[in-house]
Amino acid sequence: MVHRIVDKPRFIRCVAHGSEHPTYQPAELIAPSPTFMIGSFVATPMTKLCYHSCLSPFTVSLLTHRTAISWLTDKVSAIPDTDYPRPRSSSHAESIMAPIIRVAICHIASIYLDATATTEKVLSWIGKASQNGAQLVVFPEVCIPAYPYWSCLISPAETHDFFIRMAKESIYADGKEMAKIRHAAKQNRIFVSVGFSEKARYSSATLWNSNMVISAEGEILVHHRKLMPTFHEKLTWAPGDGHGLKVVDVPIVAARREDAGSAKLGMLICGENTNPLARYAMIAQGEQIHITTWPAKAAHRVLLGDEDSSVDDSKDASLPVRGKYDNLAVNRTRCSEHCFEAKCFGIICASFMSPEIIDYLVTNAPEHAKGRVRSTYGLAAQAESRFLDTSGSPILGFTVDVEGNHHSCDALRHEEGMLYADLDMEQTIEGKQYHDVVGAYQRFDVFNLTVDTSRKMPCNFR
């Protein structure tokens, strides 16, 4: 297979040994290094050379232009120029490579505990993402109606009003709010992943931390309920089940049909990304893009001002986060680990804590807890939203201004916004050579994992 053609033609004609059907690849895209391989197929239009070999493939390294052409000439036959297509433009040449999907991450603040208003905000952001060319838009954990930030700082005996409001504002999976989101996905021809607090039809107060993946046709592809609420979340949500541990195909639209393809999409909510079995279940389905969703802040310790003011990172992301639950480090570590093990792209999508959210929490907190709530959420680390590549390293994304101009951006953190990146699915291949933990690098004779994907109900009527 061609890895490098020294004379660098515009297109390379590749004819597999024993095949009558040539394929064409742009040389600048498949020639990244000064080494090339001579094996069962290779041809170049500029030298009009073609080589069909029955020899075992071998590598010729660092050959000069003249030496390479001389060596090939002894073993080739001429090919007419007319056998080669002419690129229409540079953009056409780029489009011939593996499918590329544009993804939008929404670093968004909920209209706190207001499902109707937050849904309308989500709808407008779906439209904006579509207008900017995204084929997938991702919203954070329980974007609708909000995350229960009160439950880690106020005694459950004093938070009944918070919970009642949460139960009232949580939405049905088949309710009017989700119907609007499904319609927006179909209208804008875009896949949508959105987190929401779900309430049961059979109970007035059973809630789940859920996420929906909706197709560009408005169909529900994945309805996932978080397997196990984390820490204080158990005061709000019930455990979910394995029904939503699914990876689905996202068709990638391209200008030419032959350039289209698909990406295998999966997601886990927040702390689920600490669960190696849940993550393995996603990898085992060929996941290529992994969504992780997170709250804006995680107040696992009370922060009380003066003793913590020296480590306040709310204004400067470069300051350390000693003594706090460092959202930046723990979120990125978990997503990065998954990317490296799965050889997939990672999406870290966190919500944003607006001043209005803090004000709501303080206003509705018991008098003795108001200072603790304001201080802690004023000092706690704001989580970031960003993309990671298939080795777990950060990807430089971009934002789009109102005039449609792109601005490079590695992450969003201290303000709302939408971060975009174009992900090339071909990049999910190379790493599998090293460790394919669900394939050639696994011992199925030693390990066996069974996943129950049934939806759990309180009673089975027969």
# chains A, B, ... in the order shown; residues from 1 in each chain; ligands from 1
>>> closest_atom_pairs(of="range 245-264 of chain A", to="range 273-295 of chain A", cutoff="12 Å", atoms="only C-alpha atoms", output="JSON lines")
{"residue": "A:Leu245", "atom": "CA", "partner": "A:Met282", "partner_atom": "CA", "distance": 6.8}
{"residue": "A:Lys246", "atom": "CA", "partner": "A:Met282", "partner_atom": "CA", "distance": 6.8}
{"residue": "A:Val247", "atom": "CA", "partner": "A:Gln285", "partner_atom": "CA", "distance": 6.0}
{"residue": "A:Val248", "atom": "CA", "partner": "A:Glu287", "partner_atom": "CA", "distance": 8.3}
{"residue": "A:Asp249", "atom": "CA", "partner": "A:Glu287", "partner_atom": "CA", "distance": 9.2}
{"residue": "A:Val250", "atom": "CA", "partner": "A:Ile289", "partner_atom": "CA", "distance": 9.9}
{"residue": "A:Ser262", "atom": "CA", "partner": "A:Gln288", "partner_atom": "CA", "distance": 9.8}
{"residue": "A:Ala263", "atom": "CA", "partner": "A:Gln288", "partner_atom": "CA", "distance": 6.2}
{"residue": "A:Lys264", "atom": "CA", "partner": "A:Glu287", "partner_atom": "CA", "distance": 5.0}
>>> write_last_selection(atoms="C-alpha atoms", output="tab-separated table (two decimals), in the first residue's frame")
chain	number	residue	atom	x	y	z
A	245	LEU	CA	-26.07	1.42	27.33
A	246	LYS	CA	-26.23	1.68	23.56
A	247	VAL	CA	-23.95	2.91	20.81
A	248	VAL	CA	-25.74	4.22	17.73
A	249	ASP	CA	-24.73	5.19	14.21
A	250	VAL	CA	-24.81	8.88	13.33
A	262	SER	CA	-21.23	7.29	9.86
A	263	ALA	CA	-19.85	7.67	13.36
A	264	LYS	CA	-20.61	5.36	16.25
>>> residues_around(residues="Asn327 in chain A", least_positions_apart="6", cutoff="9 Å", atoms="only C-alpha atoms", output="PyMOL selection string")
chain A and resi 294+296-298+380-384
>>> closest_atom_pairs(of="range 138-163 of chain A", to="range 106-119 of chain A", cutoff="9 Å", atoms="only C-alpha atoms", output="tab-separated table")
residue	atom	partner	partner_atom	distance
A:Val138	CA	A:Cys106	CA	5.9
A:Phe139	CA	A:Cys106	CA	5.2
A:Pro140	CA	A:Cys106	CA	7.1
A:Val142	CA	A:Ser110	CA	8.8
A:Cys143	CA	A:Ser110	CA	5.8
A:Ile144	CA	A:Ala115	CA	5.6
A:Pro145	CA	A:Ala115	CA	4.6
A:Ala146	CA	A:Leu113	CA	5.5
A:Tyr147	CA	A:Tyr112	CA	8.4
>>> residues_around(residues="Leu419 in chain A", least_positions_apart="5", cutoff="9 Å", atoms="only C-alpha atoms", output="number ranges by chain")
A: 103-107, 385-387, 397-400, 409-412
>>> write_last_selection(atoms="all heavy atoms", output="CSV table (one decimal), in the first residue's frame")
chain,number,residue,atom,x,y,z
A,103,VAL,N,-19.2,18.7,15.4
A,103,VAL,CA,-20.0,18.5,16.6
A,103,VAL,C,-20.0,19.8,17.4
A,103,VAL,O,-19.0,20.6,17.4
A,103,VAL,CB,-19.3,17.4,17.5
A,103,VAL,CG1,-20.1,17.2,18.8
A,103,VAL,CG2,-19.2,16.1,16.8
A,104,ALA,N,-21.1,20.1,18.0
A,104,ALA,CA,-21.2,21.4,18.8
A,104,ALA,C,-21.4,21.0,20.3
A,104,ALA,O,-22.3,20.2,20.6
A,104,ALA,CB,-22.3,22.2,18.3
A,105,ILE,N,-20.6,21.5,21.2
A,105,ILE,CA,-20.8,21.3,22.6
A,105,ILE,C,-21.5,22.6,23.2
A,105,ILE,O,-21.0,23.7,23.0
A,105,ILE,CB,-19.5,21.1,23.4
A,105,ILE,CG1,-18.8,19.9,22.9
A,105,ILE,CG2,-19.7,21.1,24.9
A,105,ILE,CD1,-17.4,19.6,23.5
A,106,CYS,N,-22.5,22.4,23.9
A,106,CYS,CA,-23.2,23.6,24.5
A,106,CYS,C,-22.8,23.7,26.0
A,106,CYS,O,-23.2,22.9,26.9
A,106,CYS,CB,-24.7,23.4,24.5
A,106,CYS,SG,-25.4,23.3,22.8
A,107,HIS,N,-22.0,24.8,26.3
A,107,HIS,CA,-21.6,25.1,27.6
A,107,HIS,C,-22.7,26.1,28.1
A,107,HIS,O,-22.6,27.3,27.9
A,107,HIS,CB,-20.2,25.8,27.6
A,107,HIS,CG,-19.6,25.9,28.9
A,107,HIS,ND1,-19.2,24.8,29.7
A,107,HIS,CD2,-19.3,27.0,29.7
A,107,HIS,CE1,-18.6,25.2,30.8
A,107,HIS,NE2,-18.7,26.6,30.8
A,385,SER,N,-15.8,22.7,29.3
A,385,SER,CA,-16.3,21.9,28.1
A,385,SER,C,-15.2,21.9,27.0
A,385,SER,O,-14.7,23.0,26.7
A,385,SER,CB,-17.6,22.5,27.6
A,385,SER,OG,-18.6,22.4,28.5
A,386,ARG,N,-14.9,20.7,26.5
A,386,ARG,CA,-13.8,20.6,25.5
A,386,ARG,C,-13.9,19.3,24.8
A,386,ARG,O,-14.7,18.4,25.1
A,386,ARG,CB,-12.4,20.8,26.2
A,386,ARG,CG,-12.0,19.6,27.1
A,386,ARG,CD,-10.5,19.6,27.3
A,386,ARG,NE,-10.0,20.8,27.9
A,386,ARG,CZ,-9.1,21.6,27.2
A,386,ARG,NH1,-8.7,21.3,26.0
A,386,ARG,NH2,-8.6,22.6,27.9
A,387,PHE,N,-13.1,19.2,23.7
A,387,PHE,CA,-12.9,18.0,22.9
A,387,PHE,C,-11.6,17.3,23.2
A,387,PHE,O,-10.6,18.0,23.5
A,387,PHE,CB,-13.0,18.3,21.4
A,387,PHE,CG,-14.3,18.8,21.0
A,387,PHE,CD1,-14.6,20.1,20.9
A,387,PHE,CD2,-15.3,17.9,20.6
A,387,PHE,CE1,-15.8,20.6,20.4
A,387,PHE,CE2,-16.5,18.3,20.1
A,387,PHE,CZ,-16.8,19.7,20.0
A,397,GLY,N,-10.6,23.4,19.4
A,397,GLY,CA,-11.9,23.6,18.7
A,397,GLY,C,-12.0,25.1,18.2
A,397,GLY,O,-11.0,25.8,18.1
A,398,PHE,N,-13.3,25.5,18.0
A,398,PHE,CA,-13.5,26.9,17.6
A,398,PHE,C,-14.9,27.3,18.0
A,398,PHE,O,-15.8,26.5,18.2
A,398,PHE,CB,-13.3,27.1,16.1
A,398,PHE,CG,-14.2,26.2,15.2
A,398,PHE,CD1,-15.4,26.8,14.8
A,398,PHE,CD2,-13.9,25.0,14.8
A,398,PHE,CE1,-16.3,26.0,14.0
A,398,PHE,CE2,-14.7,24.2,14.0
A,398,PHE,CZ,-15.9,24.7,13.6
A,399,THR,N,-15.0,28.6,18.1
A,399,THR,CA,-16.3,29.2,18.3
A,399,THR,C,-16.7,30.0,17.1
A,399,THR,O,-15.9,30.2,16.2
A,399,THR,CB,-16.3,30.2,19.5
A,399,THR,OG1,-15.3,31.2,19.3
A,399,THR,CG2,-16.0,29.4,20.8
A,400,VAL,N,-18.0,30.3,17.0
A,400,VAL,CA,-18.5,31.0,15.8
A,400,VAL,C,-19.2,32.3,16.3
A,400,VAL,O,-20.1,32.2,17.1
A,400,VAL,CB,-19.4,30.2,14.9
A,400,VAL,CG1,-19.9,30.9,13.7
A,400,VAL,CG2,-18.8,28.9,14.6
A,409,CYS,N,-10.4,28.0,19.8
A,409,CYS,CA,-10.7,28.0,21.2
A,409,CYS,C,-10.5,26.6,21.7
A,409,CYS,O,-11.0,25.6,21.1
A,409,CYS,CB,-12.1,28.4,21.5
A,409,CYS,SG,-12.7,28.4,23.2
A,410,ASP,N,-9.7,26.4,22.8
A,410,ASP,CA,-9.5,25.0,23.3
A,410,ASP,C,-10.6,24.5,24.2
A,410,ASP,O,-10.9,23.3,24.3
A,410,ASP,CB,-8.1,24.9,23.9
A,410,ASP,CG,-8.0,25.8,25.2
A,410,ASP,OD1,-8.8,26.7,25.3
A,410,ASP,OD2,-7.1,25.6,26.0
A,411,ALA,N,-11.2,25.4,25.0
A,411,ALA,CA,-12.2,25.0,25.9
A,411,ALA,C,-13.1,26.2,26.3
A,411,ALA,O,-12.7,27.4,26.2
A,411,ALA,CB,-11.6,24.4,27.2
A,412,LEU,N,-14.3,25.9,26.8
A,412,LEU,CA,-15.2,26.9,27.4
A,412,LEU,C,-15.3,26.7,28.9
A,412,LEU,O,-15.4,25.5,29.3
A,412,LEU,CB,-16.5,26.9,26.7
A,412,LEU,CG,-16.6,27.2,25.2
A,412,LEU,CD1,-18.0,27.0,24.7
A,412,LEU,CD2,-16.1,28.7,25.0
>>> closest_residue(among="A:Thr453, A:Gln442, A:Ser124, A:Thr236", to="Lys199 in chain A", atoms="only C-alpha atoms")
A:Thr236
>>> atom_distance(atom1="CA of Lys168 in chain A", atom2="CA of Pro156 in chain A")
17.7 Å
>>> closest_residue(among="A:Ala369, A:Ile214, A:Ile171, A:Ala185", to="Ser197 in chain A", atoms="only C-alpha atoms")
A:Ile171
>>> residues_around(residues="range 229-233 of chain A", least_positions_apart="4", cutoff="8 Å", atoms="only C-alpha atoms", output="ChimeraX atom specification")
/A:148,151-152,209,237-239,271
>>> select_by_dssp(residues="range 141-192 of chain A", states="strand (DSSP E or B)", output="list in words")
Ile144, Ile171, Phe191 and Val192 of chain A
>>> residues_around(residues="Glu158 in chain A", least_positions_apart="5", cutoff="10 Å", atoms="only C-alpha atoms", output="number ranges by chain")
A: 150-151, 163, 365-366
>>> write_last_selection(atoms="N, CA and C atoms", output="PDB file, in the first residue's frame")
ATOM      1  N   TRP A 150     -28.265  22.025  45.746  1.00  0.00           N
ATOM      2  CA  TRP A 150     -28.553  22.232  47.158  1.00  0.00           C
ATOM      3  C   TRP A 150     -28.228  21.003  48.009  1.00  0.00           C
ATOM      4  N   SER A 151     -28.336  19.820  47.413  1.00  0.00           N
ATOM      5  CA  SER A 151     -28.349  18.612  48.234  1.00  0.00           C
ATOM      6  C   SER A 151     -27.012  18.269  48.865  1.00  0.00           C
ATOM      7  N   PHE A 163     -36.854  19.828  46.645  1.00  0.00           N
ATOM      8  CA  PHE A 163     -37.180  18.566  45.980  1.00  0.00           C
ATOM      9  C   PHE A 163     -38.568  18.612  45.328  1.00  0.00           C
ATOM     10  N   ALA A 365     -32.352  28.921  50.378  1.00  0.00           N
ATOM     11  CA  ALA A 365     -31.687  28.155  51.429  1.00  0.00           C
ATOM     12  C   ALA A 365     -32.146  28.632  52.803  1.00  0.00           C
ATOM     13  N   PRO A 366     -32.089  27.764  53.825  1.00  0.00           N
ATOM     14  CA  PRO A 366     -32.357  28.208  55.194  1.00  0.00           C
ATOM     15  C   PRO A 366     -31.397  29.328  55.578  1.00  0.00           C
TER      16      PRO A 366
END
>>> residues_around(residues="Ser204 in chain A", least_positions_apart="2", cutoff="12 Å", atoms="only C-alpha atoms", output="VMD selection string")
chain A and resid 163 to 172 198 to 202 206 to 207
>>> write_last_selection(atoms="all heavy atoms", output="compact mmCIF listing (two decimals), in the first residue's frame")
# COMPACT_ATOMS: atom_id res chain seq x y z
N PHE A 163 -36.85 19.83 46.64
CA PHE A 163 -37.18 18.57 45.98
C PHE A 163 -38.57 18.61 45.33
O PHE A 163 -38.74 18.10 44.19
CB PHE A 163 -37.13 17.40 46.97
CG PHE A 163 -37.45 16.08 46.32
CD1 PHE A 163 -36.49 15.40 45.58
CD2 PHE A 163 -38.72 15.53 46.42
CE1 PHE A 163 -36.79 14.20 44.95
CE2 PHE A 163 -39.03 14.33 45.79
CZ PHE A 163 -38.06 13.66 45.06
N ILE A 164 -39.52 19.22 46.00
CA ILE A 164 -40.86 19.32 45.41
C ILE A 164 -40.81 20.10 44.11
O ILE A 164 -41.43 19.72 43.10
CB ILE A 164 -41.84 19.97 46.42
CG1 ILE A 164 -42.09 19.02 47.59
CG2 ILE A 164 -43.15 20.35 45.74
CD1 ILE A 164 -42.86 19.65 48.73
N ARG A 165 -40.04 21.20 44.10
CA ARG A 165 -39.90 21.98 42.87
C ARG A 165 -39.21 21.16 41.79
O ARG A 165 -39.59 21.19 40.60
CB ARG A 165 -39.10 23.26 43.16
CG ARG A 165 -38.88 24.17 41.96
CD ARG A 165 -40.17 24.81 41.47
NE ARG A 165 -39.95 25.63 40.29
CZ ARG A 165 -39.63 26.92 40.31
NH1 ARG A 165 -39.49 27.55 41.49
NH2 ARG A 165 -39.47 27.59 39.20
N MET A 166 -38.21 20.39 42.18
CA MET A 166 -37.50 19.55 41.22
C MET A 166 -38.45 18.50 40.62
O MET A 166 -38.43 18.26 39.40
CB MET A 166 -36.32 18.85 41.90
CG MET A 166 -35.47 17.99 40.98
SD MET A 166 -34.56 18.97 39.76
CE MET A 166 -33.13 17.97 39.49
N ALA A 167 -39.27 17.89 41.44
CA ALA A 167 -40.21 16.88 40.95
C ALA A 167 -41.22 17.50 39.99
O ALA A 167 -41.55 16.90 38.96
CB ALA A 167 -40.92 16.22 42.13
N LYS A 168 -41.68 18.67 40.31
CA LYS A 168 -42.65 19.34 39.44
C LYS A 168 -42.04 19.75 38.11
O LYS A 168 -42.71 19.69 37.06
CB LYS A 168 -43.23 20.57 40.14
CG LYS A 168 -44.18 20.25 41.29
CD LYS A 168 -44.74 21.53 41.89
CE LYS A 168 -45.78 21.24 42.96
NZ LYS A 168 -46.33 22.48 43.55
N GLU A 169 -40.79 20.18 38.12
CA GLU A 169 -40.16 20.68 36.90
C GLU A 169 -39.43 19.61 36.10
O GLU A 169 -39.01 19.85 34.97
CB GLU A 169 -39.18 21.81 37.26
CG GLU A 169 -39.85 23.06 37.79
CD GLU A 169 -40.80 23.71 36.77
OE1 GLU A 169 -40.45 23.74 35.57
OE2 GLU A 169 -41.89 24.15 37.18
N SER A 170 -39.26 18.42 36.68
CA SER A 170 -38.71 17.31 35.90
C SER A 170 -39.72 16.96 34.80
O SER A 170 -40.91 17.22 34.92
CB SER A 170 -38.44 16.10 36.80
OG SER A 170 -37.40 16.38 37.71
N ILE A 171 -39.22 16.36 33.72
CA ILE A 171 -40.08 16.15 32.55
C ILE A 171 -40.22 14.67 32.22
O ILE A 171 -39.40 13.85 32.61
CB ILE A 171 -39.55 16.92 31.33
CG1 ILE A 171 -38.19 16.37 30.88
CG2 ILE A 171 -39.44 18.41 31.65
CD1 ILE A 171 -37.65 17.03 29.61
N TYR A 172 -41.27 14.34 31.50
CA TYR A 172 -41.50 12.98 31.03
C TYR A 172 -40.68 12.72 29.76
O TYR A 172 -40.53 13.62 28.92
CB TYR A 172 -42.97 12.73 30.74
CG TYR A 172 -43.88 12.83 31.96
CD1 TYR A 172 -44.83 13.84 32.06
CD2 TYR A 172 -43.77 11.91 33.00
CE1 TYR A 172 -45.67 13.93 33.17
CE2 TYR A 172 -44.60 11.99 34.11
CZ TYR A 172 -45.54 13.00 34.19
OH TYR A 172 -46.36 13.08 35.29
N GLU A 198 -35.75 13.17 34.64
CA GLU A 198 -36.94 12.48 34.14
C GLU A 198 -37.83 12.05 35.30
O GLU A 198 -37.34 11.56 36.33
CB GLU A 198 -36.51 11.25 33.34
CG GLU A 198 -37.67 10.41 32.83
CD GLU A 198 -37.24 9.08 32.24
OE1 GLU A 198 -36.01 8.84 32.16
OE2 GLU A 198 -38.13 8.28 31.88
N LYS A 199 -39.13 12.20 35.14
CA LYS A 199 -40.04 11.69 36.15
C LYS A 199 -40.87 10.54 35.57
O LYS A 199 -41.13 10.48 34.37
CB LYS A 199 -40.95 12.78 36.69
CG LYS A 199 -41.80 13.54 35.71
CD LYS A 199 -42.53 14.67 36.44
CE LYS A 199 -43.29 15.58 35.50
NZ LYS A 199 -43.92 16.71 36.22
N ALA A 200 -41.24 9.63 36.46
CA ALA A 200 -41.96 8.43 36.06
C ALA A 200 -43.43 8.73 35.86
O ALA A 200 -44.01 9.58 36.55
CB ALA A 200 -41.79 7.35 37.11
N ARG A 201 -44.06 8.00 34.94
CA ARG A 201 -45.50 8.11 34.75
C ARG A 201 -46.25 7.44 35.90
O ARG A 201 -47.39 7.78 36.17
CB ARG A 201 -45.89 7.45 33.42
CG ARG A 201 -45.52 8.25 32.18
CD ARG A 201 -46.39 9.47 32.02
NE ARG A 201 -46.15 10.17 30.75
CZ ARG A 201 -46.74 11.33 30.43
NH1 ARG A 201 -47.58 11.90 31.27
NH2 ARG A 201 -46.47 11.91 29.28
N TYR A 202 -45.59 6.47 36.55
CA TYR A 202 -46.29 5.69 37.57
C TYR A 202 -46.06 6.20 38.99
O TYR A 202 -46.49 5.58 39.95
CB TYR A 202 -45.88 4.22 37.48
CG TYR A 202 -44.39 3.95 37.55
CD1 TYR A 202 -43.70 4.03 38.76
CD2 TYR A 202 -43.68 3.61 36.41
CE1 TYR A 202 -42.35 3.78 38.83
CE2 TYR A 202 -42.32 3.35 36.47
CZ TYR A 202 -41.66 3.43 37.68
OH TYR A 202 -40.32 3.19 37.75
N THR A 206 -40.75 9.71 41.71
CA THR A 206 -39.60 8.91 41.28
C THR A 206 -38.94 9.61 40.09
O THR A 206 -39.58 9.82 39.05
CB THR A 206 -40.02 7.49 40.89
OG1 THR A 206 -40.42 6.79 42.07
CG2 THR A 206 -38.85 6.73 40.25
N LEU A 207 -37.69 9.97 40.26
CA LEU A 207 -36.95 10.72 39.25
C LEU A 207 -35.69 9.96 38.86
O LEU A 207 -35.15 9.19 39.64
CB LEU A 207 -36.56 12.11 39.79
CG LEU A 207 -37.66 12.97 40.43
CD1 LEU A 207 -37.06 14.27 40.95
CD2 LEU A 207 -38.78 13.24 39.44
>>> residues_around(residues="Val222 in chain A", least_positions_apart="4", cutoff="7 Å", atoms="only C-alpha atoms", output="PDB file with C-alpha atoms, in the first residue's frame")
ATOM      1  CA  MET A 212     -31.746  11.258  25.351  1.00  0.00           C
ATOM      2  CA  VAL A 213     -30.043  10.837  21.988  1.00  0.00           C
ATOM      3  CA  GLY A 244     -29.561   2.925  27.608  1.00  0.00           C
ATOM      4  CA  LYS A 246     -26.230   1.684  23.563  1.00  0.00           C
TER       5      LYS A 246
END
